[in-house]
>>> print(open('entry-v2.txt').read())   # compact mmCIF, C-alpha atoms
# COMPACT_ATOMS: atom_id res chain seq x y z
CA MET I 844 17.90 -4.25 7.73
CA THR I 845 14.62 -5.46 9.26
CA VAL I 846 12.27 -2.51 9.79
CA ARG I 847 8.85 -2.18 11.38
CA VAL I 848 6.32 0.64 10.96
CA TYR I 849 3.85 1.55 13.71
CA LYS I 850 0.86 3.75 12.98
CA PHE I 851 -1.09 5.23 15.90
CA GLY I 852 -4.61 6.53 15.33
CA GLY I 853 -6.25 9.58 16.84
CA THR I 854 -7.70 7.73 19.84
CA SER I 855 -4.23 6.33 20.64
CA VAL I 856 -2.76 9.85 20.98
CA GLN I 857 -5.82 11.73 22.21
CA ASP I 858 -4.29 12.73 25.56
CA ALA I 859 -1.25 12.24 27.79
CA GLN I 860 -2.61 9.05 29.34
CA HIS I 861 -2.94 7.40 25.93
CA VAL I 862 0.39 8.76 24.71
CA ALA I 863 2.04 7.14 27.76
CA LYS I 864 0.68 3.82 26.50
CA VAL I 865 2.08 4.56 23.04
CA ILE I 866 5.51 5.35 24.50
CA GLY I 867 5.41 2.05 26.38
CA LEU I 868 4.64 0.11 23.18
CA ILE I 869 7.43 1.86 21.29
CA SER I 870 9.93 1.22 24.09
CA ILE I 871 9.58 -2.56 23.84
CA CYS I 872 10.01 -2.78 20.06
CA SER I 873 13.48 -4.26 19.41
CA GLU I 874 13.53 -3.55 15.65
CA PRO I 875 14.36 -0.29 13.83
CA LEU I 876 11.09 1.60 14.00
CA VAL I 877 9.19 4.25 12.07
CA VAL I 878 6.16 5.75 13.82
CA VAL I 879 3.33 7.36 11.85
CA THR I 880 0.96 9.40 13.99
CA SER I 881 -2.51 10.76 13.40
CA ALA I 882 -3.75 13.99 14.93
CA PRO I 883 -5.31 13.61 18.41
CA SER I 884 -8.94 12.46 18.30
CA GLY I 885 -11.26 15.38 17.53
CA MET I 886 -8.48 17.68 16.29
CA THR I 887 -9.38 17.39 12.60
CA ASP I 888 -12.98 18.38 13.39
CA LEU I 889 -11.65 21.38 15.31
CA LEU I 890 -9.54 22.37 12.33
CA GLN I 891 -12.55 21.93 10.06
CA SER I 892 -14.40 24.48 12.19
CA LEU I 893 -11.48 26.83 11.67
CA VAL I 894 -11.90 26.48 7.90
CA ASP I 895 -15.67 26.92 8.11
CA ASP I 896 -15.83 29.78 10.63
CA GLY I 897 -12.35 31.31 10.69
CA GLN I 898 -12.54 31.90 14.46
CA ARG I 899 -8.82 32.10 15.20
CA GLY I 900 -9.30 33.67 18.61
CA GLN I 901 -11.43 30.78 19.87
CA VAL I 902 -9.78 27.84 18.14
CA PHE I 903 -6.06 28.69 18.35
CA PRO I 904 -5.83 28.55 22.18
CA ALA I 905 -7.72 25.23 22.24
CA ILE I 906 -5.29 23.75 19.69
CA SER I 907 -2.20 25.00 21.50
CA ASP I 908 -3.40 23.87 24.93
CA ARG I 909 -4.22 20.38 23.62
CA TYR I 910 -0.68 19.71 22.41
CA LEU I 911 1.10 21.45 25.28
CA SER I 912 -0.86 19.48 27.87
CA ILE I 913 0.44 16.26 26.29
CA CYS I 914 3.99 17.51 25.97
CA LYS I 915 4.25 18.89 29.52
CA THR I 916 3.38 15.50 30.97
CA PHE I 917 6.64 14.04 29.64
CA VAL I 918 8.95 16.98 28.90
CA HIS I 919 10.23 18.81 31.96
CA GLN I 920 13.21 20.62 30.47
CA GLN I 921 12.10 24.24 30.16
CA SER I 922 14.20 24.99 27.09
CA VAL I 923 12.59 22.12 25.19
CA LEU I 924 9.10 23.13 26.31
CA LYS I 925 9.68 26.70 25.17
CA GLU I 926 10.94 25.41 21.83
CA ILE I 927 7.83 23.27 21.34
CA GLU I 928 5.55 26.12 22.42
CA ALA I 929 7.26 28.49 19.98
CA PHE I 930 6.96 25.93 17.18
CA ILE I 931 3.22 25.49 17.81
CA GLY I 932 2.69 29.25 17.94
CA SER I 933 4.65 29.78 14.74
CA GLU I 934 2.72 27.11 12.84
CA LEU I 935 -0.60 28.58 13.99
CA GLN I 936 0.35 32.11 12.96
CA LYS I 937 1.53 30.94 9.52
CA LEU I 938 -1.83 29.37 8.71
CA ASP I 939 -3.41 30.82 5.59
CA ILE I 940 -7.09 30.22 6.37
CA GLY I 941 -9.44 30.18 3.42
CA SER I 942 -11.63 28.04 1.20
CA LEU I 943 -9.13 27.47 -1.61
CA GLU I 944 -7.80 23.92 -1.82
CA HIS I 945 -4.18 24.79 -0.99
CA GLN I 946 -5.38 26.72 2.07
CA ARG I 947 -7.58 23.85 3.20
CA ALA I 948 -4.71 21.38 2.83
CA GLN I 949 -2.47 23.57 4.99
CA VAL I 950 -5.07 23.90 7.74
CA MET I 951 -6.36 20.30 7.72
CA SER I 952 -2.81 18.87 7.91
CA LEU I 953 -1.89 20.92 10.99
CA GLY I 954 -3.03 18.26 13.49
CA GLU I 955 -0.49 15.71 12.24
CA ARG I 956 2.22 18.33 11.61
CA LEU I 957 2.08 19.33 15.28
CA MET I 958 1.67 15.82 16.70
CA ALA I 959 4.86 14.39 15.16
CA PRO I 960 7.31 16.77 16.92
CA VAL I 961 5.29 16.62 20.17
CA LEU I 962 5.45 12.82 20.16
CA ALA I 963 9.17 12.84 19.26
CA ALA I 964 9.91 15.26 22.13
CA SER I 965 7.90 13.08 24.52
CA LEU I 966 9.84 9.99 23.41
CA ASN I 967 13.19 11.73 23.88
CA ALA I 968 12.17 12.89 27.35
CA SER I 969 11.26 9.25 28.13
CA GLY I 970 14.73 8.00 27.18
CA ILE I 971 13.95 6.88 23.61
CA ASN I 972 16.16 8.38 20.90
CA ALA I 973 13.66 9.85 18.42
CA VAL I 974 13.57 12.36 15.58
CA SER I 975 10.62 14.08 13.91
CA LEU I 976 10.65 14.08 10.09
CA ASN I 977 8.38 16.03 7.74
CA ALA I 978 6.25 13.77 5.52
CA CYS I 979 5.72 16.71 3.16
CA HIS I 980 9.35 16.20 2.05
CA MET I 981 8.97 12.44 1.55
CA ILE I 982 5.51 11.53 0.24
CA ARG I 983 5.48 13.08 -3.25
CA THR I 984 2.12 13.66 -4.95
CA ASP I 985 0.64 15.32 -8.01
CA GLN I 986 -0.55 18.94 -7.97
CA SER I 987 -3.88 18.18 -6.28
CA TYR I 988 -4.07 19.54 -2.75
CA LEU I 989 -6.83 17.35 -1.33
CA ASN I 990 -6.98 13.58 -1.92
CA ALA I 991 -3.73 13.90 -3.84
CA ARG I 992 -2.40 11.03 -5.96
CA VAL I 993 0.92 9.58 -4.79
CA GLN I 994 3.87 9.41 -7.21
CA PHE I 995 5.34 6.17 -5.95
CA GLU I 996 8.69 6.05 -7.74
CA GLN I 997 9.82 9.42 -6.38
CA THR I 998 8.25 8.72 -2.99
CA ASN I 999 10.12 5.42 -2.60
CA GLN I 1000 13.44 7.15 -3.22
CA LEU I 1001 12.73 10.08 -0.89
CA VAL I 1002 11.50 7.85 1.95
CA CYS I 1003 14.62 5.69 1.81
CA GLN I 1004 16.96 8.70 1.50
CA GLN I 1005 15.55 10.45 4.56
CA ILE I 1006 14.59 7.61 6.88
CA GLU I 1007 17.27 4.95 6.42
CA PRO I 1008 20.19 7.13 7.70
CA GLU I 1009 18.20 7.95 10.86
CA LEU I 1010 17.40 4.28 11.46
CA LYS I 1011 21.09 3.43 11.15
CA ARG I 1012 21.70 5.97 13.93
CA LYS I 1013 19.26 3.91 16.00
CA ARG I 1014 16.65 6.64 16.09
CA VAL I 1015 12.90 6.13 16.10
CA CYS I 1016 11.60 8.19 13.17
CA VAL I 1017 8.28 9.95 13.84
CA ILE I 1018 6.26 11.38 10.96
CA GLY I 1019 2.75 12.77 10.67
CA GLY I 1020 0.33 10.70 8.65
CA PHE I 1021 -2.09 12.04 6.04
CA ILE I 1022 0.46 14.69 4.94
CA ALA I 1023 2.29 14.80 1.62
CA GLY I 1024 3.84 17.40 -0.67
CA ASN I 1025 4.10 18.25 -4.36
CA LYS I 1026 7.21 19.08 -6.39
CA LEU I 1027 6.90 22.76 -5.42
CA GLY I 1028 7.16 21.88 -1.72
CA GLU I 1029 3.52 22.76 -1.06
CA ILE I 1030 1.49 20.74 1.44
CA THR I 1031 -0.95 18.21 0.00
CA THR I 1032 -3.08 15.63 1.78
CA LEU I 1033 -4.03 11.99 1.18
CA GLY I 1034 -7.70 12.28 2.16
CA ARG I 1035 -9.49 12.09 5.49
CA ASN I 1036 -8.21 9.19 7.63
CA GLY I 1037 -5.23 8.81 5.28
CA SER I 1038 -2.64 8.09 8.01
CA ASP I 1039 -3.05 4.33 7.44
CA TYR I 1040 -2.16 4.99 3.81
CA THR I 1041 0.96 6.90 4.86
CA ALA I 1042 2.09 3.96 7.00
CA SER I 1043 1.70 1.47 4.15
CA ILE I 1044 3.51 3.77 1.69
CA VAL I 1045 6.46 4.10 4.09
CA GLY I 1046 6.42 0.39 4.91
CA ALA I 1047 6.48 -0.66 1.25
CA SER I 1048 9.23 1.87 0.42
CA LEU I 1049 11.47 0.60 3.25
CA LYS I 1050 10.58 -3.05 2.55
CA ALA I 1051 9.50 -3.34 6.20
CA ASP I 1052 8.62 -6.78 7.51
CA GLU I 1053 5.30 -5.54 8.90
CA VAL I 1054 3.20 -2.38 9.25
CA TRP I 1055 1.26 -2.33 12.54
CA ILE I 1056 -1.92 -0.25 12.67
CA TRP I 1057 -2.55 0.50 16.35
CA THR I 1058 -6.18 1.43 16.90
CA ASP I 1059 -9.00 1.09 19.45
CA VAL I 1060 -10.28 -2.35 18.35
CA ASP I 1061 -8.73 -5.83 18.48
CA GLY I 1062 -8.68 -6.29 14.69
CA LEU I 1063 -11.07 -7.20 11.90
CA PHE I 1064 -14.16 -9.12 13.01
CA SER I 1065 -16.67 -11.16 11.05
CA ALA I 1066 -19.11 -8.29 11.78
CA ASP I 1067 -19.17 -5.20 13.99
CA PRO I 1068 -18.79 -6.65 17.52
CA ARG I 1069 -20.60 -3.67 19.04
CA TYR I 1070 -23.86 -4.85 17.49
CA HIS I 1071 -23.36 -8.59 16.90
CA ALA I 1072 -22.53 -10.78 19.88
CA ASN I 1073 -21.53 -13.74 17.70
CA ALA I 1074 -18.96 -11.77 15.67
CA LYS I 1075 -15.54 -13.43 15.75
CA LEU I 1076 -12.03 -12.00 15.41
CA ILE I 1077 -10.46 -12.91 12.07
CA THR I 1078 -6.77 -13.50 12.77
CA HIS I 1079 -5.56 -13.93 9.17
CA MET I 1080 -6.80 -12.61 5.83
CA SER I 1081 -5.52 -11.53 2.41
CA PHE I 1082 -4.93 -8.00 1.16
CA ARG I 1083 -7.58 -8.40 -1.55
CA GLU I 1084 -10.19 -9.57 0.94
CA SER I 1085 -9.36 -6.66 3.21
CA ALA I 1086 -9.60 -4.16 0.34
CA GLU I 1087 -12.99 -5.60 -0.65
CA ALA I 1088 -14.22 -5.42 2.96
CA ALA I 1089 -13.00 -1.83 3.32
CA TYR I 1090 -14.80 -0.79 0.12
CA PHE I 1091 -18.07 -2.30 1.35
CA GLY I 1092 -18.05 -0.66 4.75
CA ALA I 1093 -15.44 -2.22 7.09
CA LYS I 1094 -13.99 0.88 8.73
CA VAL I 1095 -10.97 -0.50 10.60
CA VAL I 1096 -8.53 0.10 7.72
CA HIS I 1097 -8.50 2.92 5.17
CA PRO I 1098 -9.40 1.48 1.72
CA TYR I 1099 -6.18 2.75 0.09
CA THR I 1100 -3.96 1.14 2.72
CA MET I 1101 -3.60 -2.15 0.88
CA TRP I 1102 -2.51 -0.70 -2.47
CA PRO I 1103 1.22 -0.17 -1.80
CA LEU I 1104 1.53 -3.53 -0.01
CA ILE I 1105 -0.20 -5.89 -2.46
CA ASN I 1106 2.93 -6.30 -4.60
CA SER I 1107 5.36 -6.30 -1.67
CA ASN I 1108 6.45 -8.76 1.01
CA THR I 1109 5.33 -6.38 3.76
CA ALA I 1110 2.41 -7.60 5.88
CA LEU I 1111 -0.15 -5.45 7.71
CA ARG I 1112 -1.17 -6.13 11.31
CA ILE I 1113 -4.13 -4.56 13.17
CA LYS I 1114 -3.56 -4.21 16.94
CA ASN I 1115 -5.41 -2.65 19.88
CA THR I 1116 -3.38 0.02 21.69
CA MET I 1117 -5.16 -0.66 24.97
CA ARG I 1118 -5.10 -4.47 24.56
CA PRO I 1119 -1.73 -5.25 22.95
CA GLN I 1120 -1.90 -8.85 24.18
CA SER I 1121 -4.75 -9.54 21.73
CA ALA I 1122 -3.68 -11.49 18.63
CA GLY I 1123 -4.99 -8.84 16.26
CA THR I 1124 -5.45 -9.43 12.53
CA LEU I 1125 -2.55 -10.19 10.17
CA ILE I 1126 -3.18 -9.20 6.55
CA SER I 1127 -0.82 -10.52 3.89
CA ASN I 1128 -0.65 -11.76 0.32
CA GLU I 1129 -0.66 -15.42 1.29
CA PRO I 1130 -2.28 -15.95 4.72
CA HIS I 1131 -0.88 -19.10 6.37
CA ALA I 1132 -3.90 -19.76 8.59
CA ARG I 1133 -6.79 -18.29 6.63
CA GLY I 1134 -9.56 -20.73 7.56
CA ASP I 1135 -13.12 -20.38 6.27
CA SER I 1136 -14.21 -17.27 8.19
CA LEU I 1137 -16.44 -14.79 6.35
CA LEU I 1138 -16.92 -11.09 7.00
CA VAL I 1139 -20.28 -9.35 6.83
CA THR I 1140 -20.03 -5.62 6.16
CA THR I 1141 -22.65 -2.89 5.76
CA ILE I 1142 -23.05 0.40 3.94
CA ASP I 1143 -25.99 2.39 5.33
CA GLU I 1144 -27.90 5.40 3.99
CA VAL I 1145 -28.13 4.03 0.48
CA ALA I 1146 -30.71 4.38 -2.30
CA ILE I 1147 -31.37 2.00 -5.20
CA VAL I 1148 -32.24 3.56 -8.56
CA THR I 1149 -33.65 1.28 -11.27
CA VAL I 1150 -33.92 2.32 -14.92
CA SER I 1151 -36.27 -0.07 -16.76
CA GLY I 1152 -38.07 -0.51 -20.04
CA TYR I 1153 -38.73 -3.28 -22.57
CA GLY I 1154 -37.32 -1.00 -25.24
CA LEU I 1155 -33.88 -1.37 -23.66
CA ILE I 1156 -33.53 -5.03 -24.63
CA GLY I 1157 -30.76 -5.51 -27.19
CA VAL I 1158 -30.18 -1.76 -27.63
CA PRO I 1159 -26.46 -0.87 -27.58
CA GLY I 1160 -25.26 2.07 -25.52
CA VAL I 1161 -27.95 1.98 -22.85
CA ALA I 1162 -25.56 1.43 -19.93
CA ALA I 1163 -23.15 4.01 -21.35
CA LYS I 1164 -25.94 6.61 -21.53
CA VAL I 1165 -27.13 5.89 -17.99
CA PHE I 1166 -23.72 5.97 -16.37
CA ALA I 1167 -22.55 9.00 -18.33
CA SER I 1168 -25.51 10.82 -16.81
CA ILE I 1169 -24.60 9.62 -13.30
CA SER I 1170 -20.95 10.57 -13.78
CA GLY I 1171 -21.94 14.00 -15.01
CA CYS I 1172 -23.50 14.89 -11.67
CA GLY I 1173 -20.56 13.51 -9.66
CA THR I 1174 -22.41 10.63 -8.00
CA ASN I 1175 -20.43 7.62 -6.73
CA VAL I 1176 -21.97 4.29 -7.77
CA LEU I 1177 -21.54 1.71 -5.00
CA LEU I 1178 -23.03 -1.35 -6.71
CA ILE I 1179 -24.48 -2.30 -10.12
CA SER I 1180 -26.91 -5.07 -11.07
CA GLN I 1181 -28.43 -5.72 -14.48
CA SER I 1182 -31.11 -8.28 -15.27
CA SER I 1183 -30.15 -11.00 -17.75
CA SER I 1184 -32.96 -9.85 -20.05
CA GLU I 1185 -31.44 -6.34 -20.15
CA HIS I 1186 -34.90 -5.06 -19.20
CA ASN I 1187 -33.51 -3.00 -16.29
CA ILE I 1188 -30.36 -1.65 -14.72
CA SER I 1189 -30.20 -1.10 -10.96
CA PHE I 1190 -27.46 0.73 -9.10
CA ALA I 1191 -26.84 1.74 -5.51
CA ILE I 1192 -25.76 5.28 -4.65
CA PRO I 1193 -25.44 7.33 -1.44
CA ARG I 1194 -28.90 8.44 -0.38
CA LYS I 1195 -27.80 12.06 -0.16
CA ASP I 1196 -27.09 12.06 -3.92
CA CYS I 1197 -30.42 10.53 -4.91
CA SER I 1198 -32.36 13.68 -5.87
CA GLN I 1199 -29.67 15.16 -8.10
CA THR I 1200 -29.00 11.79 -9.75
CA VAL I 1201 -32.65 11.09 -10.61
CA ALA I 1202 -33.05 14.63 -11.92
CA ALA I 1203 -30.04 14.13 -14.19
CA LEU I 1204 -31.39 10.80 -15.47
CA ASN I 1205 -34.82 12.27 -16.19
CA ARG I 1206 -33.16 15.08 -18.12
CA ASP I 1207 -30.64 12.98 -20.07
CA LEU I 1208 -33.02 10.10 -20.84
CA ALA I 1209 -35.99 12.34 -21.70
CA GLU I 1210 -35.85 11.51 -25.42
CA TRP I 1211 -35.91 7.76 -24.72
CA MET I 1212 -38.81 8.19 -22.30
CA SER I 1213 -40.99 10.21 -24.70
CA GLU I 1214 -40.43 9.54 -28.38
CA GLU I 1215 -38.51 6.27 -28.47
CA HIS I 1216 -40.17 4.76 -25.37
CA ARG I 1217 -37.11 2.70 -24.52
CA VAL I 1218 -37.34 3.76 -20.87
CA ASP I 1219 -40.74 3.46 -19.25
CA ARG I 1220 -39.81 4.34 -15.67
CA ILE I 1221 -37.12 5.29 -13.20
CA ARG I 1222 -37.83 3.89 -9.73
CA VAL I 1223 -36.18 4.75 -6.43
CA PHE I 1224 -35.97 2.62 -3.27
CA ASP I 1225 -34.55 4.63 -0.40
CA HIS I 1226 -33.87 3.66 3.22
CA VAL I 1227 -31.99 0.60 2.08
CA ALA I 1228 -28.53 -0.77 2.89
CA ILE I 1229 -25.90 -2.89 1.18
CA VAL I 1230 -24.89 -6.01 3.10
CA THR I 1231 -21.79 -7.71 1.68
CA VAL I 1232 -20.36 -11.13 2.54
CA VAL I 1233 -16.60 -11.16 1.96
CA GLY I 1234 -14.39 -14.24 1.84
CA GLU I 1235 -11.44 -15.76 0.00
CA ASN I 1236 -12.33 -17.38 -3.36
CA MET I 1237 -16.09 -17.10 -2.87
CA ARG I 1238 -16.96 -18.50 -6.28
CA GLY I 1239 -14.95 -21.64 -5.66
CA ARG I 1240 -16.51 -22.48 -2.29
CA LYS I 1241 -19.65 -24.56 -2.61
CA GLY I 1242 -22.77 -23.79 -0.66
CA ILE I 1243 -22.06 -20.21 0.38
CA ALA I 1244 -24.74 -18.50 -1.71
CA GLY I 1245 -27.29 -21.19 -0.80
CA SER I 1246 -26.56 -20.83 2.91
CA ILE I 1247 -26.78 -17.04 2.76
CA PHE I 1248 -30.11 -16.85 0.93
CA SER I 1249 -31.64 -19.73 2.89
CA ALA I 1250 -30.76 -17.90 6.11
CA LEU I 1251 -32.31 -14.67 4.83
CA GLY I 1252 -35.44 -16.55 3.77
CA ARG I 1253 -35.83 -18.15 7.20
CA ALA I 1254 -35.47 -14.68 8.75
CA ASP I 1255 -38.22 -13.40 6.41
CA ILE I 1256 -35.94 -10.74 4.90
CA ASN I 1257 -36.76 -9.36 1.46
CA VAL I 1258 -33.76 -9.09 -0.88
CA LEU I 1259 -34.15 -6.19 -3.32
CA VAL I 1260 -30.95 -6.52 -5.37
CA ILE I 1261 -28.17 -9.11 -5.66
CA ALA I 1262 -24.72 -8.46 -7.12
CA GLN I 1263 -21.51 -10.46 -7.41
CA GLY I 1264 -18.82 -8.52 -9.21
CA SER I 1265 -15.89 -9.75 -11.27
CA SER I 1266 -13.83 -10.29 -8.10
CA GLU I 1267 -14.14 -13.63 -6.36
CA TYR I 1268 -14.22 -12.12 -2.90
CA SER I 1269 -17.77 -10.95 -2.25
CA ILE I 1270 -21.52 -11.26 -2.70
CA SER I 1271 -23.61 -8.14 -2.08
CA ILE I 1272 -27.31 -7.84 -1.39
CA VAL I 1273 -29.51 -4.80 -0.91
CA ILE I 1274 -32.17 -4.99 1.80
CA ASN I 1275 -34.33 -2.62 3.83
CA GLU I 1276 -32.20 -0.64 6.27
CA ALA I 1277 -34.33 -1.78 9.21
CA ASP I 1278 -33.38 -5.42 8.52
CA VAL I 1279 -29.58 -5.01 8.62
CA LYS I 1280 -28.94 -6.36 12.12
CA LEU I 1281 -31.32 -9.29 11.68
CA ALA I 1282 -29.80 -10.14 8.28
CA THR I 1283 -26.22 -9.95 9.56
CA ASP I 1284 -26.97 -12.20 12.53
CA ALA I 1285 -28.75 -14.68 10.25
CA ILE I 1286 -25.78 -14.82 7.84
CA LEU I 1287 -23.26 -15.17 10.69
CA SER I 1288 -25.25 -18.02 12.21
CA ALA I 1289 -25.55 -19.83 8.89
CA THR I 1290 -21.86 -19.52 7.96
CA SER I 1291 -20.10 -19.59 11.35
CA GLY I 1292 -18.99 -23.19 10.97
CA GLY I 1293 -17.22 -22.50 7.69
CA ILE I 1294 -18.29 -23.84 4.32
CA ALA I 1295 -16.23 -26.33 2.35
>>> encode(input="entry-v2.txt", output="C-alpha cells")
Amino acid sequence: MTVRVYKFGGTSVQDAQHVAKVIGLISICSEPLVVVTSAPSGMTDLLQSLVDDGQRGQVFPAISDRYLSICKTFVHQQSVLKEIEAFIGSELQKLDIGSLEHQRAQVMSLGERLMAPVLAASLNASGINAVSLNACHMIRTDQSYLNARVQFEQTNQLVCQQIEPELKRKRVCVIGGFIAGNKLGEITTLGRNGSDYTASIVGASLKADEVWIWTDVDGLFSADPRYHANAKLITHMSFRESAEAAYFGAKVVHPYTMWPLINSNTALRIKNTMRPQSAGTLISNEPHARGDSLLVTTIDEVAIVTVSGYGLIGVPGVAAKVFASISGCGTNVLLISQSSSEHNISFAIPRKDCSQTVAALNRDLAEWMSEEHRVDRIRVFDHVAIVTVVGENMRGRKGIAGSIFSALGRADINVLVIAQGSSEYSISIVINEADVKLATDAILSATSGGIA
C-alpha cells in the first residue's frame, strides 16, 4: 500500500484561515494519508508561560478560545462542538502543572494533543473521513520525559498496528507531533520543534513513499532568502547533506528528522503551505538531479575558546583533559580545530556558555598552567559566528576551498578558525559576527555557477 505522510507546522494551523488551506491540501491527496500536526503558532510559548507562572486563570481561557475558534469555523453540529469543548476542558483540568520533568512534558505536549482532534473534527465536518490517534500510544521512548530517546523496534510495530487498519478503512489519520510515551503510558516529548521528527518516524515505520513537511517557506535555499537576494532554491539534496546543514544552522528541518529515513526508501519533501505550486525541496538517499548547488548556513552568538601552549606539543591526553572539563560543565561544542603543531586547540561554543566554560578550564587546567607550564593561556573571541558551506562530496570537488577563501579575501574578511570534519559534506569557518552577511554573499557569488 502506497502511503504518504503530511506534517503541518505551527504557522500552517495557526488560525481558521490557515487550517482551511490545510484542509484543501489534504482533500486533493489521492493516496492513503497520515497527517502530523504541530500546535498552533505561539501555543507552545503560551504553555511555557503556564509552566513558569502557573497562571491557570489567565492562560486556560486563551488556550480554549484559540482551539474553539478554529473548530467552530468548520464544525456546525452542536453535539460535536460540545464534545470538543468538553474534551478541551477536561484536558486542561487534568494538567499537573509543576517544574518536574513529567509535569513539564504533560503541559508542553498539550498544544499538539488538542490540535489533532480539532483538526480531525474539522476534516470530518468538511467531508473528509478522518480519525484522531494518540501518538503517546505509538511512539515508544525510554523513561526520559523531555528530549526522550525513541525505541524504534517497538515504535515501528505500534505505528503499523494502529495506523494501517485505519488507512485500509480509507480514513485520514491525524496525530499530534512532538508527543511520545514510555512503557508505563506516561507522556514524553521529542524535544522542541520535534513534530518533523514524528513525521519521519511514522513515515519510515509505514514505508511511506514520501514525507511532506508543509511549512511557511518554499524549501531549502542556498542561504536565507530573507537576507540574501541571490539565494537560490535547492530542489534536490541528500539526507546527509540536509543533516549537516541542519546541524550548522539551517532551520527549515529539525536535525533529527533525517535519522529514521536514511536507511529507508522514504523521501522527504519540503513544501510551502501557502504556495503549494512551488517545486519545494526533495531530500532522498540518492538525489536524481542534485547539481552543484552549495548551501551557506550560519550559527550566530558563538564564542571561540583557544587553549594554547608550547608545552602541549607531543603530550598525550591534552585533548581528553580539555574536553572532559567542557563536558563536565554541560557545554555543547559546535566545532573543533587543532593546529598541526598541536600548539593549540580551538573550539566553538554558544556564547551564553562562555563564562562557565572558561572558569571550568581555568580550574581543571590550573596545574598545567602553574607548575608544568604546558598551558600558557586561554583566549576567548566572542561576537563571532560559524559560517558553513555544505555540499555533496566536498572533498572530491576541485576548487571549492580556493573559491571560498579567495572570495573572503577579496571581501576583506578575516577568518579566525577553519574546520573540515571527517564528513565530506562541509567546510566551516569562524568570522566576526558583523561580517556574516558580507561573507555569505561573497561565497554565494563565487560558487553560484557550480564547481566541477
>>> atom_distance(input="entry-v2.txt", atom1="CA of Ala1042 (chain I)", atom2="CA of Phe1064 (chain I)")
21.7 Å
>>> closest_atom_pairs(input="entry-v2.txt", of="region 1005-1121 of chain I", to="region 846-870 of chain I", cutoff="7 Å", atoms="only C-alpha atoms", output="JSON lines")
{"residue": "I:Asp1039", "atom": "CA", "partner": "I:Lys850", "partner_atom": "CA", "distance": 6.8}
{"residue": "I:Ala1042", "atom": "CA", "partner": "I:Lys850", "partner_atom": "CA", "distance": 6.1}
{"residue": "I:Gly1046", "atom": "CA", "partner": "I:Val848", "partner_atom": "CA", "distance": 6.1}
{"residue": "I:Ala1051", "atom": "CA", "partner": "I:Val846", "partner_atom": "CA", "distance": 4.6}
{"residue": "I:Asp1052", "atom": "CA", "partner": "I:Arg847", "partner_atom": "CA", "distance": 6.0}
{"residue": "I:Glu1053", "atom": "CA", "partner": "I:Arg847", "partner_atom": "CA", "distance": 5.5}
{"residue": "I:Val1054", "atom": "CA", "partner": "I:Val848", "partner_atom": "CA", "distance": 4.7}
{"residue": "I:Trp1055", "atom": "CA", "partner": "I:Tyr849", "partner_atom": "CA", "distance": 4.8}
{"residue": "I:Ile1056", "atom": "CA", "partner": "I:Lys850", "partner_atom": "CA", "distance": 4.9}
{"residue": "I:Trp1057", "atom": "CA", "partner": "I:Phe851", "partner_atom": "CA", "distance": 5.0}
{"residue": "I:Thr1058", "atom": "CA", "partner": "I:Gly852", "partner_atom": "CA", "distance": 5.6}
{"residue": "I:Asp1059", "atom": "CA", "partner": "I:Thr854", "partner_atom": "CA", "distance": 6.8}
{"residue": "I:Thr1116", "atom": "CA", "partner": "I:Ser855", "partner_atom": "CA", "distance": 6.5}
>>> write_last_selection(input="entry-v2.txt", atoms="C-alpha atoms", output="compact mmCIF listing (two decimals), in the coordinates of the input")
# COMPACT_ATOMS: atom_id res chain seq x y z
CA ASP I 1039 -3.05 4.33 7.44
CA ALA I 1042 2.09 3.96 7.00
CA GLY I 1046 6.42 0.39 4.91
CA ALA I 1051 9.50 -3.34 6.20
CA ASP I 1052 8.62 -6.78 7.51
CA GLU I 1053 5.30 -5.54 8.90
CA VAL I 1054 3.20 -2.38 9.25
CA TRP I 1055 1.26 -2.33 12.54
CA ILE I 1056 -1.92 -0.25 12.67
CA TRP I 1057 -2.55 0.50 16.35
CA THR I 1058 -6.18 1.43 16.90
CA ASP I 1059 -9.00 1.09 19.45
CA THR I 1116 -3.38 0.02 21.69
>>> closest_atom_pairs(input="entry-v2.txt", of="region 856-970 of chain I", to="region 1006-1018 of chain I", cutoff="12 Å", atoms="all atoms listed in the file", output="CSV")
residue,atom,partner,partner_atom,distance
I:Ile866,CA,I:Val1015,CA,11.2
I:Ile869,CA,I:Val1015,CA,8.7
I:Ser870,CA,I:Val1015,CA,9.8
I:Cys872,CA,I:Val1015,CA,10.2
I:Ser873,CA,I:Lys1013,CA,10.6
I:Glu874,CA,I:Lys1013,CA,9.4
I:Pro875,CA,I:Leu1010,CA,6.0
I:Leu876,CA,I:Val1015,CA,5.3
I:Val877,CA,I:Cys1016,CA,4.7
I:Val878,CA,I:Val1017,CA,4.7
I:Val879,CA,I:Ile1018,CA,5.1
I:Thr880,CA,I:Ile1018,CA,6.4
I:Ser881,CA,I:Ile1018,CA,9.1
I:Ala882,CA,I:Ile1018,CA,11.1
I:Gly954,CA,I:Ile1018,CA,11.8
I:Glu955,CA,I:Ile1018,CA,8.1
I:Arg956,CA,I:Ile1018,CA,8.1
I:Leu957,CA,I:Ile1018,CA,10.0
I:Met958,CA,I:Ile1018,CA,8.6
I:Ala959,CA,I:Ile1018,CA,5.4
I:Pro960,CA,I:Val1017,CA,7.5
I:Val961,CA,I:Val1017,CA,9.7
I:Leu962,CA,I:Val1017,CA,7.5
I:Ala963,CA,I:Val1017,CA,6.2
I:Ala964,CA,I:Val1017,CA,10.0
I:Ser965,CA,I:Val1017,CA,11.1
I:Leu966,CA,I:Val1015,CA,8.8
I:Asn967,CA,I:Val1015,CA,9.6
I:Gly970,CA,I:Arg1014,CA,11.3
>>> atom_distance(input="entry-v2.txt", atom1="CA of Gly1245 (chain I)", atom2="CA of Ser1269 (chain I)")
14.1 Å
>>> closest_residue(input="entry-v2.txt", among="I:Leu935, I:Val1096, I:Ile971, I:Ile940", to="Ile871 (chain I)", atoms="all atoms listed in the file")
I:Ile971
